[in-house]
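Printed here is run.txt (compact mmCIF, C-alpha atoms):
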# COMPACT_ATOMS: atom_id res chain seq x y z
CA MET A 508 58.28 101.69 -144.81
CA LYS A 509 59.85 100.37 -141.64
CA ARG A 510 63.45 99.22 -141.51
CA ARG A 511 64.29 95.92 -139.95
CA ARG A 512 66.89 96.95 -137.42
CA PRO A 513 66.17 100.40 -136.05
CA SER A 514 68.84 99.89 -133.36
CA ALA A 515 71.53 99.25 -135.99
CA SER A 516 70.51 102.36 -137.95
CA VAL A 517 70.64 104.44 -134.80
CA ALA A 518 74.10 103.09 -133.92
CA LYS A 519 75.28 103.87 -137.45
CA ALA A 520 73.87 107.39 -137.38
CA ASN A 521 75.47 108.15 -134.02
CA GLY A 522 78.82 106.58 -134.80
CA ARG A 523 80.71 104.78 -132.07
CA SER A 524 80.47 106.30 -128.65
CA ALA A 525 83.62 106.40 -126.46
CA ALA A 526 81.39 105.96 -123.41
CA ALA A 527 80.17 102.49 -124.44
CA PRO A 528 82.60 100.99 -126.98
CA ALA A 529 81.64 97.30 -126.47
CA ARG A 530 77.94 97.97 -126.92
CA ALA A 531 78.52 100.25 -129.91
CA GLU A 532 80.71 97.58 -131.53
CA LYS A 533 77.90 95.07 -131.09
CA LEU A 534 75.23 97.28 -132.58
CA ASP A 535 77.33 98.59 -135.42
CA LYS A 536 76.44 97.11 -138.79
CA LEU A 537 79.43 95.96 -140.83
CA THR A 538 79.78 96.34 -144.60
CA LEU A 539 78.61 93.35 -146.62
CA GLY A 540 81.54 93.28 -149.04
CA GLN A 541 80.80 91.21 -152.14
CA LEU A 542 77.70 89.78 -150.48
CA ASP A 543 76.10 93.02 -151.64
CA SER A 544 76.07 91.64 -155.22
CA HIS A 545 74.10 88.48 -154.36
CA LEU A 546 70.35 88.63 -154.84
CA GLY A 547 70.00 85.37 -152.93
CA TYR A 548 71.28 87.01 -149.76
CA PHE A 549 68.62 89.73 -149.85
CA LEU A 550 65.88 87.27 -150.78
CA ARG A 551 66.87 85.15 -147.80
CA ARG A 552 66.88 88.05 -145.35
CA LEU A 553 63.34 89.11 -146.25
CA GLN A 554 62.16 85.50 -146.38
CA ILE A 555 63.42 84.93 -142.83
CA TRP A 556 61.55 88.05 -141.69
CA VAL A 557 58.40 86.66 -143.31
CA PHE A 558 58.70 83.23 -141.67
CA GLN A 559 59.39 84.73 -138.25
CA ASP A 560 56.43 87.08 -138.50
CA PHE A 561 54.18 84.32 -139.85
CA ILE A 562 55.05 81.90 -137.04
CA GLN A 563 54.63 84.63 -134.43
CA THR A 564 51.30 85.86 -135.84
CA LEU A 565 50.00 82.30 -136.13
CA GLY A 566 51.29 81.50 -132.62
CA THR A 567 47.97 80.43 -131.15
CA MET A 568 47.31 78.06 -134.06
CA LYS A 569 50.81 76.54 -134.00
CA LEU A 570 51.01 76.51 -137.77
CA ARG A 571 54.06 76.67 -139.99
CA PRO A 572 54.08 78.29 -143.45
CA ALA A 573 54.38 74.97 -145.31
CA GLN A 574 51.37 73.54 -143.46
CA TYR A 575 49.35 76.63 -144.35
CA SER A 576 50.33 76.30 -148.04
CA VAL A 577 49.16 72.70 -148.08
CA LEU A 578 45.82 73.56 -146.43
CA LEU A 579 45.15 76.31 -149.00
CA VAL A 580 46.00 74.07 -151.95
CA ILE A 581 43.78 71.25 -150.62
CA GLU A 582 41.00 73.81 -150.10
CA ALA A 583 41.35 75.07 -153.67
CA ASN A 584 41.68 71.57 -155.16
CA PRO A 585 39.61 69.13 -153.09
CA GLY A 586 40.08 65.46 -153.88
CA ARG A 587 43.50 65.69 -155.49
CA SER A 588 46.45 63.45 -154.69
CA GLN A 589 49.47 63.95 -152.47
CA ALA A 590 51.67 63.74 -155.57
CA ALA A 591 49.81 66.60 -157.29
CA ILE A 592 50.08 68.78 -154.19
CA GLY A 593 53.77 68.01 -153.73
CA GLN A 594 54.41 68.81 -157.37
CA THR A 595 52.52 72.10 -157.14
CA LEU A 596 54.24 73.31 -153.99
CA GLY A 597 57.66 71.77 -154.67
CA ILE A 598 57.58 69.79 -151.43
CA GLU A 599 59.62 66.60 -151.46
CA ARG A 600 57.63 63.40 -150.86
CA ALA A 601 58.89 62.25 -147.44
CA ARG A 602 58.48 65.73 -145.99
CA LEU A 603 54.97 66.11 -147.40
CA THR A 604 53.98 62.72 -145.98
CA ARG A 605 55.04 63.83 -142.48
CA LEU A 606 53.26 67.15 -142.92
CA LEU A 607 50.01 65.46 -144.04
CA HIS A 608 50.16 63.02 -141.12
CA GLU A 609 50.36 65.98 -138.75
CA LEU A 610 47.35 67.68 -140.40
CA GLU A 611 45.45 64.38 -140.22
CA ARG A 612 46.35 63.97 -136.55
CA ARG A 613 44.79 67.38 -135.91
CA LYS A 614 41.71 66.16 -137.85
CA TRP A 615 41.95 69.02 -140.33
CA ILE A 616 42.28 66.84 -143.44
CA SER A 617 41.10 63.39 -144.50
CA ARG A 618 42.59 60.95 -146.98
CA ARG A 619 40.24 58.73 -148.92
CA ALA A 620 41.39 55.95 -151.23
CA SER A 621 41.17 57.09 -154.83
CA GLY A 622 38.64 55.25 -157.00
CA SER A 623 40.90 55.19 -160.05
CA ASP A 624 44.17 54.24 -158.37
CA ALA A 625 44.30 52.04 -155.27
CA ARG A 626 47.80 53.28 -154.33
CA SER A 627 46.69 56.90 -154.30
CA TYR A 628 44.69 58.95 -151.78
CA CYS A 629 42.41 61.92 -152.35
CA LEU A 630 42.87 64.77 -149.91
CA HIS A 631 40.02 66.85 -148.49
CA LEU A 632 39.57 69.36 -145.69
CA THR A 633 37.34 68.09 -142.87
CA ALA A 634 34.64 70.29 -141.32
CA ASP A 635 37.08 70.95 -138.46
CA GLY A 636 39.75 71.84 -140.99
CA GLU A 637 37.44 74.31 -142.70
CA LYS A 638 36.61 75.89 -139.36
CA ALA A 639 40.29 76.12 -138.38
CA LEU A 640 41.13 77.64 -141.74
CA VAL A 641 38.70 80.51 -141.14
CA ARG A 642 40.57 81.43 -137.94
CA ILE A 643 43.94 80.86 -139.62
CA LYS A 644 43.06 83.16 -142.52
CA SER A 645 42.02 85.96 -140.18
CA LEU A 646 45.56 85.78 -138.75
CA THR A 647 47.39 85.47 -142.08
CA VAL A 648 45.57 88.60 -143.27
CA GLN A 649 47.21 90.39 -140.34
CA HIS A 650 50.58 88.88 -141.24
CA GLU A 651 50.29 89.98 -144.87
CA ALA A 652 49.33 93.52 -143.79
CA ARG A 653 52.39 93.63 -141.54
CA LEU A 654 54.59 92.46 -144.41
CA ALA A 655 53.13 95.17 -146.67
CA ASP A 656 53.86 97.69 -143.92
CA HIS A 657 57.41 96.36 -143.50
CA VAL A 658 58.34 96.65 -147.19
CA GLY A 659 55.92 99.44 -148.16
CA ALA A 660 52.63 98.92 -150.02
CA GLN A 661 54.02 99.79 -153.44
CA ARG A 662 57.08 97.58 -153.06
CA HIS A 663 54.80 94.77 -151.87
CA MET A 664 52.91 94.94 -155.16
CA GLN A 665 56.06 95.25 -157.26
CA LEU A 666 57.64 92.23 -155.58
CA MET A 667 54.47 90.23 -156.08
CA ASP A 668 54.53 91.07 -159.81
CA LEU A 669 58.21 90.16 -160.13
CA LEU A 670 58.12 86.95 -158.10
CA ARG A 671 54.76 85.43 -159.04
CA ASP A 672 56.18 83.59 -162.06
CA PHE A 673 58.36 81.45 -159.79
CA GLY A 674 55.65 79.92 -157.61
CA MET B 290 63.80 83.87 -168.82
CA LYS B 291 63.56 80.21 -167.99
CA ARG B 292 60.64 78.80 -166.04
CA ARG B 293 61.28 76.51 -163.13
CA ARG B 294 59.13 73.56 -164.07
CA PRO B 295 59.05 73.10 -167.82
CA SER B 296 57.38 69.69 -167.38
CA ALA B 297 54.47 71.21 -165.44
CA SER B 298 53.96 73.92 -168.07
CA VAL B 299 53.96 71.32 -170.81
CA ALA B 300 51.40 69.20 -168.92
CA LYS B 301 49.20 72.25 -168.45
CA ALA B 302 49.46 73.27 -172.09
CA ASN B 303 48.59 69.79 -173.29
CA GLY B 304 45.78 69.17 -170.82
CA ARG B 305 45.23 65.71 -169.40
CA SER B 306 45.73 62.87 -171.82
CA ALA B 307 43.33 59.91 -171.69
CA ALA B 308 46.24 57.62 -172.57
CA ALA B 309 48.21 58.35 -169.39
CA PRO B 310 45.88 59.77 -166.74
CA ALA B 311 48.01 58.90 -163.68
CA ARG B 312 51.09 60.54 -165.10
CA ALA B 313 49.16 63.62 -166.27
CA GLU B 314 47.61 63.95 -162.80
CA LYS B 315 51.10 63.92 -161.31
CA LEU B 316 52.49 66.55 -163.64
CA ASP B 317 49.46 68.78 -163.60
CA LYS B 318 49.95 71.94 -161.58
CA LEU B 319 47.06 72.74 -159.26
CA THR B 320 45.72 76.22 -158.56
CA LEU B 321 47.20 77.96 -155.54
CA GLY B 322 43.93 79.33 -154.15
CA GLN B 323 44.49 82.10 -151.62
CA LEU B 324 48.19 81.24 -151.45
CA ASP B 325 48.38 83.38 -154.59
CA SER B 326 47.96 86.50 -152.42
CA HIS B 327 50.94 85.77 -150.16
CA LEU B 328 54.23 87.40 -151.10
CA GLY B 329 56.03 85.16 -148.61
CA TYR B 330 55.13 82.07 -150.62
CA PHE B 331 56.71 83.44 -153.80
CA LEU B 332 59.76 84.74 -151.94
CA ARG B 333 60.24 81.28 -150.45
CA ARG B 334 59.94 79.48 -153.79
CA LEU B 335 62.64 81.59 -155.42
CA GLN B 336 64.80 81.46 -152.29
CA ILE B 337 64.69 77.65 -152.34
CA TRP B 338 65.72 77.68 -156.01
CA VAL B 339 68.65 79.94 -155.08
CA PHE B 340 69.82 77.72 -152.20
CA GLN B 341 69.58 74.56 -154.30
CA ASP B 342 71.52 76.10 -157.17
CA PHE B 343 74.10 77.58 -154.79
CA ILE B 344 74.74 74.27 -153.02
CA GLN B 345 74.92 72.42 -156.33
CA THR B 346 77.25 74.97 -157.95
CA LEU B 347 79.49 75.03 -154.86
CA GLY B 348 79.38 71.22 -154.69
CA THR B 349 83.14 70.66 -154.87
CA MET B 350 83.76 73.19 -152.10
CA LYS B 351 81.02 71.80 -149.81
CA LEU B 352 79.92 75.28 -148.80
CA ARG B 353 76.52 76.45 -147.64
CA PRO B 354 75.14 79.96 -148.28
CA ALA B 355 75.45 81.05 -144.62
CA GLN B 356 79.12 79.98 -144.50
CA TYR B 357 79.80 81.97 -147.67
CA SER B 358 78.10 85.06 -146.19
CA VAL B 359 80.27 84.85 -143.10
CA LEU B 360 83.48 84.48 -145.14
CA LEU B 361 82.61 87.56 -147.22
CA VAL B 362 81.80 89.68 -144.18
CA ILE B 363 85.04 88.64 -142.43
CA GLU B 364 86.93 89.44 -145.64
CA ALA B 365 85.33 92.90 -145.84
CA ASN B 366 85.74 93.59 -142.09
CA PRO B 367 88.92 91.87 -140.84
CA GLY B 368 89.43 91.84 -137.10
CA ARG B 369 85.81 92.34 -136.06
CA SER B 370 83.98 90.30 -133.44
CA GLN B 371 81.61 87.38 -133.74
CA ALA B 372 78.88 89.57 -132.21
CA ALA B 373 79.27 92.23 -134.91
CA ILE B 374 79.14 89.60 -137.66
CA GLY B 375 76.09 87.91 -136.14
CA GLN B 376 74.36 91.28 -135.82
CA THR B 377 75.14 92.20 -139.43
CA LEU B 378 73.95 88.92 -140.92
CA GLY B 379 71.13 88.25 -138.47
CA ILE B 380 72.60 84.88 -137.45
CA GLU B 381 71.69 83.74 -133.96
CA ARG B 382 74.67 83.25 -131.61
CA ALA B 383 74.71 79.47 -131.09
CA ARG B 384 74.36 78.82 -134.81
CA LEU B 385 77.12 81.29 -135.68
CA THR B 386 79.43 79.69 -133.11
CA ARG B 387 78.98 76.27 -134.76
CA LEU B 388 79.48 77.80 -138.19
CA LEU B 389 82.71 79.56 -137.13
CA HIS B 390 84.04 76.36 -135.54
CA GLU B 391 83.53 74.58 -138.86
CA LEU B 392 85.36 77.35 -140.79
CA GLU B 393 88.18 77.20 -138.21
CA ARG B 394 88.38 73.40 -138.53
CA ARG B 395 88.90 73.88 -142.26
CA LYS B 396 91.65 76.42 -141.40
CA TRP B 397 89.92 79.18 -143.37
CA ILE B 398 89.54 81.61 -140.47
CA SER B 399 91.42 82.39 -137.28
CA ARG B 400 90.19 83.83 -134.00
CA ARG B 401 92.56 85.98 -131.99
CA ALA B 402 91.77 87.32 -128.52
CA SER B 403 90.73 90.93 -128.74
CA GLY B 404 93.08 93.43 -127.07
CA SER B 405 90.26 95.59 -125.74
CA ASP B 406 87.95 92.84 -124.47
CA ALA B 407 89.29 89.53 -123.14
CA ARG B 408 85.91 87.78 -123.68
CA SER B 409 85.84 88.70 -127.35
CA TYR B 410 87.68 87.32 -130.39
CA CYS B 411 88.74 89.07 -133.58
CA LEU B 412 88.03 87.15 -136.77
CA HIS B 413 90.37 87.04 -139.77
CA LEU B 414 90.69 84.99 -142.94
CA THR B 415 93.82 82.82 -143.02
CA ALA B 416 96.02 82.58 -146.12
CA ASP B 417 94.27 79.25 -146.85
CA GLY B 418 90.91 80.96 -146.39
CA GLU B 419 91.85 83.69 -148.85
CA LYS B 420 92.95 81.09 -151.39
CA ALA B 421 89.75 79.07 -150.92
CA LEU B 422 87.67 82.23 -151.30
CA VAL B 423 89.18 82.91 -154.74
CA ARG B 424 87.94 79.49 -155.93
CA ILE B 425 84.61 79.93 -154.14
CA LYS B 426 84.01 83.30 -155.78
CA SER B 427 84.69 81.91 -159.26
CA LEU B 428 81.84 79.45 -158.56
CA THR B 429 79.43 81.96 -156.98
CA VAL B 430 79.85 84.17 -160.06
CA GLN B 431 78.51 81.22 -162.07
CA HIS B 432 75.67 80.77 -159.60
CA GLU B 433 74.68 84.45 -159.79
CA ALA B 434 74.76 84.33 -163.60
CA ARG B 435 72.47 81.30 -163.52
CA LEU B 436 70.09 83.11 -161.17
CA ALA B 437 70.04 86.15 -163.49
CA ASP B 438 69.29 83.76 -166.35
CA HIS B 439 66.52 82.06 -164.35
CA VAL B 440 64.68 85.28 -163.48
CA GLY B 441 65.81 87.41 -166.43
CA ALA B 442 68.55 90.07 -166.28
CA GLN B 443 66.16 93.00 -165.89
CA ARG B 444 64.10 91.33 -163.17
CA HIS B 445 67.36 90.43 -161.40
CA MET B 446 68.25 94.13 -161.21
CA GLN B 447 64.74 95.19 -160.19
CA LEU B 448 64.63 92.60 -157.41
CA MET B 449 68.03 93.71 -156.17
CA ASP B 450 66.80 97.32 -156.02
CA LEU B 451 63.62 96.34 -154.17
CA LEU B 452 65.19 93.91 -151.70
CA ARG B 453 68.51 95.56 -150.87
CA ASP B 454 67.04 97.64 -148.03
CA PHE B 455 66.24 94.50 -146.07
CA GLY B 456 69.76 93.01 -145.85

Take the structure from the file and write it as structure tokens.
Amino acid sequence: MKRRRPSASVAKANGRSAAAPARAEKLDKLTLGQLDSHLGYFLRRLQIWVFQDFIQTLGTMKLRPAQYSVLLVIEANPGRSQAAIGQTLGIERARLTRLLHELERRKWISRRASGSDARSYCLHLTADGEKALVRIKSLTVQHEARLADHVGAQRHMQLMDLLRDFG
Amino acid sequence: MKRRRPSASVAKANGRSAAAPARAEKLDKLTLGQLDSHLGYFLRRLQIWVFQDFIQTLGTMKLRPAQYSVLLVIEANPGRSQAAIGQTLGIERARLTRLLHELERRKWISRRASGSDARSYCLHLTADGEKALVRIKSLTVQHEARLADHVGAQRHMQLMDLLRDFG
């Protein structure tokens, strides 16, 4: 398992050096106080690590995590509506509309009017979208491996077991 | 343990009703496809729940999670610098500066020039800040209890154990 801030750990282990007080003060990690009792804080720290690594790993594809989620759910459920996808992923309507427009602009998805409901559109991946998703997945596999390395393989599995009910 | 989307579970359990197809389609939860293998997705879903509940519970105080984190770290480490707090919480400098200005505007913190380094400021809670923090903590205790209820008390402890290394 790798720790997030090796420099902070080193500074802590060495204590503050009289030779470089300003730098040592900067690198020193403070105590968290009562923040240490809040699960949300620790969830957020790891979640930020995940987003940063995801965005960096997917750099060449310029893809954000929410866009990736939407592509995977459209892939797994071709022909379903925006409302069903928003409901599944917990993405609020206006935001999902913007996100889908962006995926459409890149020609990765298509919207076709639904036969049963004129107000509703069915979402599909295009051939270009399927091709892009192959490249994207080869990068997200790397991201997931790096996450497993960051937290440790066993902890990765335990967290998955504990968190899966909330997705 | 309470599930996040009782309505979606009910829709799934009942299947789609011929009487109200549009509504059932909306409430139906789709499969996640390969998203199901990404820990980051599940982390993010629970983290969003936490932020929403935090902001709602702290409604009367108009306080965001990051502001709360900063107040607790200043309380636990009076007189330390902005750089040390940013380093500890992983908050990028420009964002932390804005956040501290807002806390100063509310007269909850004070910055005093540091004796050892003229460019640096020492951060302290004011008497008003200490008073506000008492009220804030009585609300965050409620929030944490609701989170423990949402995930289950045992899972709350297990997650804390697994995630604490990354804060």

Least-squares superposed chain A, target chain B, every Cα, as a CSV table (one decimal) with C-alpha atoms, in the coordinates of the input:
chain,number,residue,atom,x,y,z
A,508,MET,CA,63.8,84.0,-168.8
A,509,LYS,CA,63.5,80.3,-168.0
A,510,ARG,CA,60.6,78.9,-166.1
A,511,ARG,CA,61.2,76.6,-163.2
A,512,ARG,CA,59.1,73.6,-164.1
A,513,PRO,CA,59.0,73.1,-167.9
A,514,SER,CA,57.4,69.7,-167.4
A,515,ALA,CA,54.5,71.2,-165.5
A,516,SER,CA,54.0,73.9,-168.2
A,517,VAL,CA,54.0,71.3,-170.9
A,518,ALA,CA,51.4,69.2,-169.0
A,519,LYS,CA,49.2,72.2,-168.5
A,520,ALA,CA,49.5,73.2,-172.2
A,521,ASN,CA,48.6,69.7,-173.3
A,522,GLY,CA,45.8,69.1,-170.9
A,523,ARG,CA,45.3,65.7,-169.4
A,524,SER,CA,45.9,62.8,-171.7
A,525,ALA,CA,43.5,59.8,-171.6
A,526,ALA,CA,46.4,57.6,-172.5
A,527,ALA,CA,48.4,58.3,-169.3
A,528,PRO,CA,46.0,59.7,-166.7
A,529,ALA,CA,48.1,58.9,-163.6
A,530,ARG,CA,51.2,60.6,-165.0
A,531,ALA,CA,49.2,63.6,-166.2
A,532,GLU,CA,47.6,64.0,-162.8
A,533,LYS,CA,51.1,64.0,-161.2
A,534,LEU,CA,52.5,66.6,-163.6
A,535,ASP,CA,49.5,68.8,-163.6
A,536,LYS,CA,49.9,72.0,-161.6
A,537,LEU,CA,47.0,72.8,-159.2
A,538,THR,CA,45.7,76.3,-158.6
A,539,LEU,CA,47.2,78.0,-155.5
A,540,GLY,CA,43.9,79.4,-154.1
A,541,GLN,CA,44.5,82.1,-151.6
A,542,LEU,CA,48.2,81.3,-151.5
A,543,ASP,CA,48.4,83.4,-154.6
A,544,SER,CA,47.9,86.5,-152.4
A,545,HIS,CA,50.9,85.8,-150.1
A,546,LEU,CA,54.2,87.4,-151.1
A,547,GLY,CA,56.0,85.2,-148.6
A,548,TYR,CA,55.1,82.1,-150.6
A,549,PHE,CA,56.7,83.5,-153.8
A,550,LEU,CA,59.7,84.7,-151.9
A,551,ARG,CA,60.2,81.3,-150.5
A,552,ARG,CA,59.9,79.5,-153.8
A,553,LEU,CA,62.6,81.6,-155.4
A,554,GLN,CA,64.8,81.5,-152.3
A,555,ILE,CA,64.7,77.7,-152.4
A,556,TRP,CA,65.7,77.7,-156.0
A,557,VAL,CA,68.6,79.9,-155.1
A,558,PHE,CA,69.8,77.7,-152.2
A,559,GLN,CA,69.6,74.6,-154.3
A,560,ASP,CA,71.5,76.1,-157.2
A,561,PHE,CA,74.1,77.6,-154.8
A,562,ILE,CA,74.7,74.3,-153.0
A,563,GLN,CA,74.9,72.4,-156.4
A,564,THR,CA,77.2,75.0,-158.0
A,565,LEU,CA,79.5,75.0,-154.9
A,566,GLY,CA,79.4,71.2,-154.7
A,567,THR,CA,83.1,70.7,-154.9
A,568,MET,CA,83.7,73.2,-152.1
A,569,LYS,CA,81.0,71.8,-149.8
A,570,LEU,CA,79.9,75.3,-148.8
A,571,ARG,CA,76.5,76.4,-147.6
A,572,PRO,CA,75.1,80.0,-148.3
A,573,ALA,CA,75.4,81.0,-144.6
A,574,GLN,CA,79.1,80.0,-144.5
A,575,TYR,CA,79.8,82.0,-147.7
A,576,SER,CA,78.1,85.1,-146.2
A,577,VAL,CA,80.3,84.8,-143.1
A,578,LEU,CA,83.5,84.5,-145.1
A,579,LEU,CA,82.6,87.5,-147.2
A,580,VAL,CA,81.8,89.7,-144.2
A,581,ILE,CA,85.0,88.6,-142.4
A,582,GLU,CA,86.9,89.4,-145.6
A,583,ALA,CA,85.3,92.9,-145.8
A,584,ASN,CA,85.8,93.6,-142.1
A,585,PRO,CA,88.9,91.8,-140.8
A,586,GLY,CA,89.4,91.8,-137.1
A,587,ARG,CA,85.8,92.3,-136.1
A,588,SER,CA,84.0,90.3,-133.4
A,589,GLN,CA,81.6,87.4,-133.7
A,590,ALA,CA,78.9,89.5,-132.2
A,591,ALA,CA,79.3,92.2,-134.9
A,592,ILE,CA,79.1,89.6,-137.7
A,593,GLY,CA,76.1,87.9,-136.1
A,594,GLN,CA,74.4,91.3,-135.8
A,595,THR,CA,75.1,92.2,-139.4
A,596,LEU,CA,74.0,88.9,-140.9
A,597,GLY,CA,71.1,88.2,-138.5
A,598,ILE,CA,72.6,84.9,-137.5
A,599,GLU,CA,71.7,83.8,-134.0
A,600,ARG,CA,74.7,83.3,-131.6
A,601,ALA,CA,74.7,79.5,-131.1
A,602,ARG,CA,74.3,78.8,-134.8
A,603,LEU,CA,77.1,81.3,-135.7
A,604,THR,CA,79.4,79.7,-133.1
A,605,ARG,CA,79.0,76.3,-134.8
A,606,LEU,CA,79.5,77.8,-138.2
A,607,LEU,CA,82.7,79.6,-137.1
A,608,HIS,CA,84.0,76.4,-135.5
A,609,GLU,CA,83.5,74.6,-138.9
A,610,LEU,CA,85.3,77.3,-140.8
A,611,GLU,CA,88.2,77.2,-138.2
A,612,ARG,CA,88.3,73.4,-138.5
A,613,ARG,CA,88.9,73.9,-142.3
A,614,LYS,CA,91.6,76.4,-141.4
A,615,TRP,CA,89.9,79.2,-143.4
A,616,ILE,CA,89.5,81.6,-140.5
A,617,SER,CA,91.4,82.4,-137.3
A,618,ARG,CA,90.2,83.8,-134.0
A,619,ARG,CA,92.6,86.0,-132.0
A,620,ALA,CA,91.8,87.3,-128.5
A,621,SER,CA,90.8,90.9,-128.8
A,622,GLY,CA,93.1,93.4,-127.1
A,623,SER,CA,90.3,95.6,-125.7
A,624,ASP,CA,88.0,92.8,-124.5
A,625,ALA,CA,89.3,89.5,-123.1
A,626,ARG,CA,86.0,87.8,-123.7
A,627,SER,CA,85.9,88.7,-127.3
A,628,TYR,CA,87.7,87.3,-130.4
A,629,CYS,CA,88.7,89.1,-133.6
A,630,LEU,CA,88.0,87.1,-136.8
A,631,HIS,CA,90.4,87.0,-139.8
A,632,LEU,CA,90.7,85.0,-142.9
A,633,THR,CA,93.8,82.8,-143.0
A,634,ALA,CA,96.0,82.5,-146.1
A,635,ASP,CA,94.3,79.2,-146.9
A,636,GLY,CA,90.9,80.9,-146.4
A,637,GLU,CA,91.9,83.7,-148.8
A,638,LYS,CA,93.0,81.1,-151.4
A,639,ALA,CA,89.7,79.1,-150.9
A,640,LEU,CA,87.7,82.2,-151.3
A,641,VAL,CA,89.2,82.9,-154.7
A,642,ARG,CA,88.0,79.5,-155.9
A,643,ILE,CA,84.6,79.9,-154.1
A,644,LYS,CA,84.0,83.3,-155.8
A,645,SER,CA,84.7,81.9,-159.3
A,646,LEU,CA,81.8,79.5,-158.6
A,647,THR,CA,79.4,82.0,-157.0
A,648,VAL,CA,79.8,84.2,-160.1
A,649,GLN,CA,78.5,81.2,-162.1
A,650,HIS,CA,75.6,80.8,-159.6
A,651,GLU,CA,74.7,84.5,-159.8
A,652,ALA,CA,74.7,84.3,-163.6
A,653,ARG,CA,72.4,81.3,-163.5
A,654,LEU,CA,70.1,83.1,-161.2
A,655,ALA,CA,70.0,86.2,-163.5
A,656,ASP,CA,69.3,83.8,-166.4
A,657,HIS,CA,66.5,82.1,-164.4
A,658,VAL,CA,64.7,85.3,-163.5
A,659,GLY,CA,65.8,87.4,-166.4
A,660,ALA,CA,68.5,90.1,-166.3
A,661,GLN,CA,66.1,93.0,-165.9
A,662,ARG,CA,64.1,91.3,-163.2
A,663,HIS,CA,67.4,90.5,-161.4
A,664,MET,CA,68.2,94.1,-161.2
A,665,GLN,CA,64.7,95.2,-160.2
A,666,LEU,CA,64.6,92.6,-157.4
A,667,MET,CA,68.0,93.7,-156.2
A,668,ASP,CA,66.8,97.3,-156.0
A,669,LEU,CA,63.6,96.3,-154.2
A,670,LEU,CA,65.2,93.9,-151.7
A,671,ARG,CA,68.5,95.6,-150.9
A,672,ASP,CA,67.0,97.7,-148.0
A,673,PHE,CA,66.2,94.5,-146.1
A,674,GLY,CA,69.7,93.0,-145.9

Counting all atoms listed in the file, what are the residues of segment 419-445 of chain B within 9 Å of segment 386-397 of chain B, and for each of them which pair of atoms is the nearest and at what distance in Å, to one decimal? Sort the table by chain and rising number, as a tab-separated table.
residue	atom	partner	partner_atom	distance
B:Glu419	CA	B:Trp397	CA	7.4
B:Lys420	CA	B:Trp397	CA	8.8
B:Ala421	CA	B:Trp397	CA	7.6
B:Leu422	CA	B:Trp397	CA	8.8

Next, the residues of the selection above should be written as an mmCIF file, keeping the file's coordinate frame with C-alpha atoms.
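After the write, result.cif holds the following:
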data_model
loop_
_atom_site.group_PDB
_atom_site.id
_atom_site.type_symbol
_atom_site.label_atom_id
_atom_site.label_comp_id
_atom_site.auth_asym_id
_atom_site.auth_seq_id
_atom_site.Cartn_x
_atom_site.Cartn_y
_atom_site.Cartn_z
ATOM 1 C CA GLU B 419 91.850 83.690 -148.850
ATOM 2 C CA LYS B 420 92.950 81.090 -151.390
ATOM 3 C CA ALA B 421 89.750 79.070 -150.920
ATOM 4 C CA LEU B 422 87.670 82.230 -151.300
#

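Taking all atoms listed in the file into account, chain B lies nearest to A:Thr538 out of the set A:Gln661, A:Ser617, A:Thr538, A:Thr633.
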
Compile the residues of chain B that lie within 7 Å of chain A, evaluated using all atoms listed in the file, and express the compilation as a ChimeraX atom specification. /B:293,314-324,327-329,331-336,339,358,361-362,365-366,372-373,376-377,433,444,449,451-453,455-456

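Take the candidates B:Gly368, B:Ile398, B:Ile380, B:Thr346 and check each one against Ala416 of chain B using all atoms listed in the file; the shortest distance goes to B:Ile398.
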
One-decimal distance in Å that lies between atom CA of Lys569 of chain A and atom CA of Glu381 of chain B: 22.1 Å

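Interatomic distance, atom CA of Val641 of chain A to atom CA of Asp560 of chain A: 19.1 Å.
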
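Coordinates place atom CA of Arg602 of chain A at a distance of 23.4 Å from atom CA of Thr567 of chain A.
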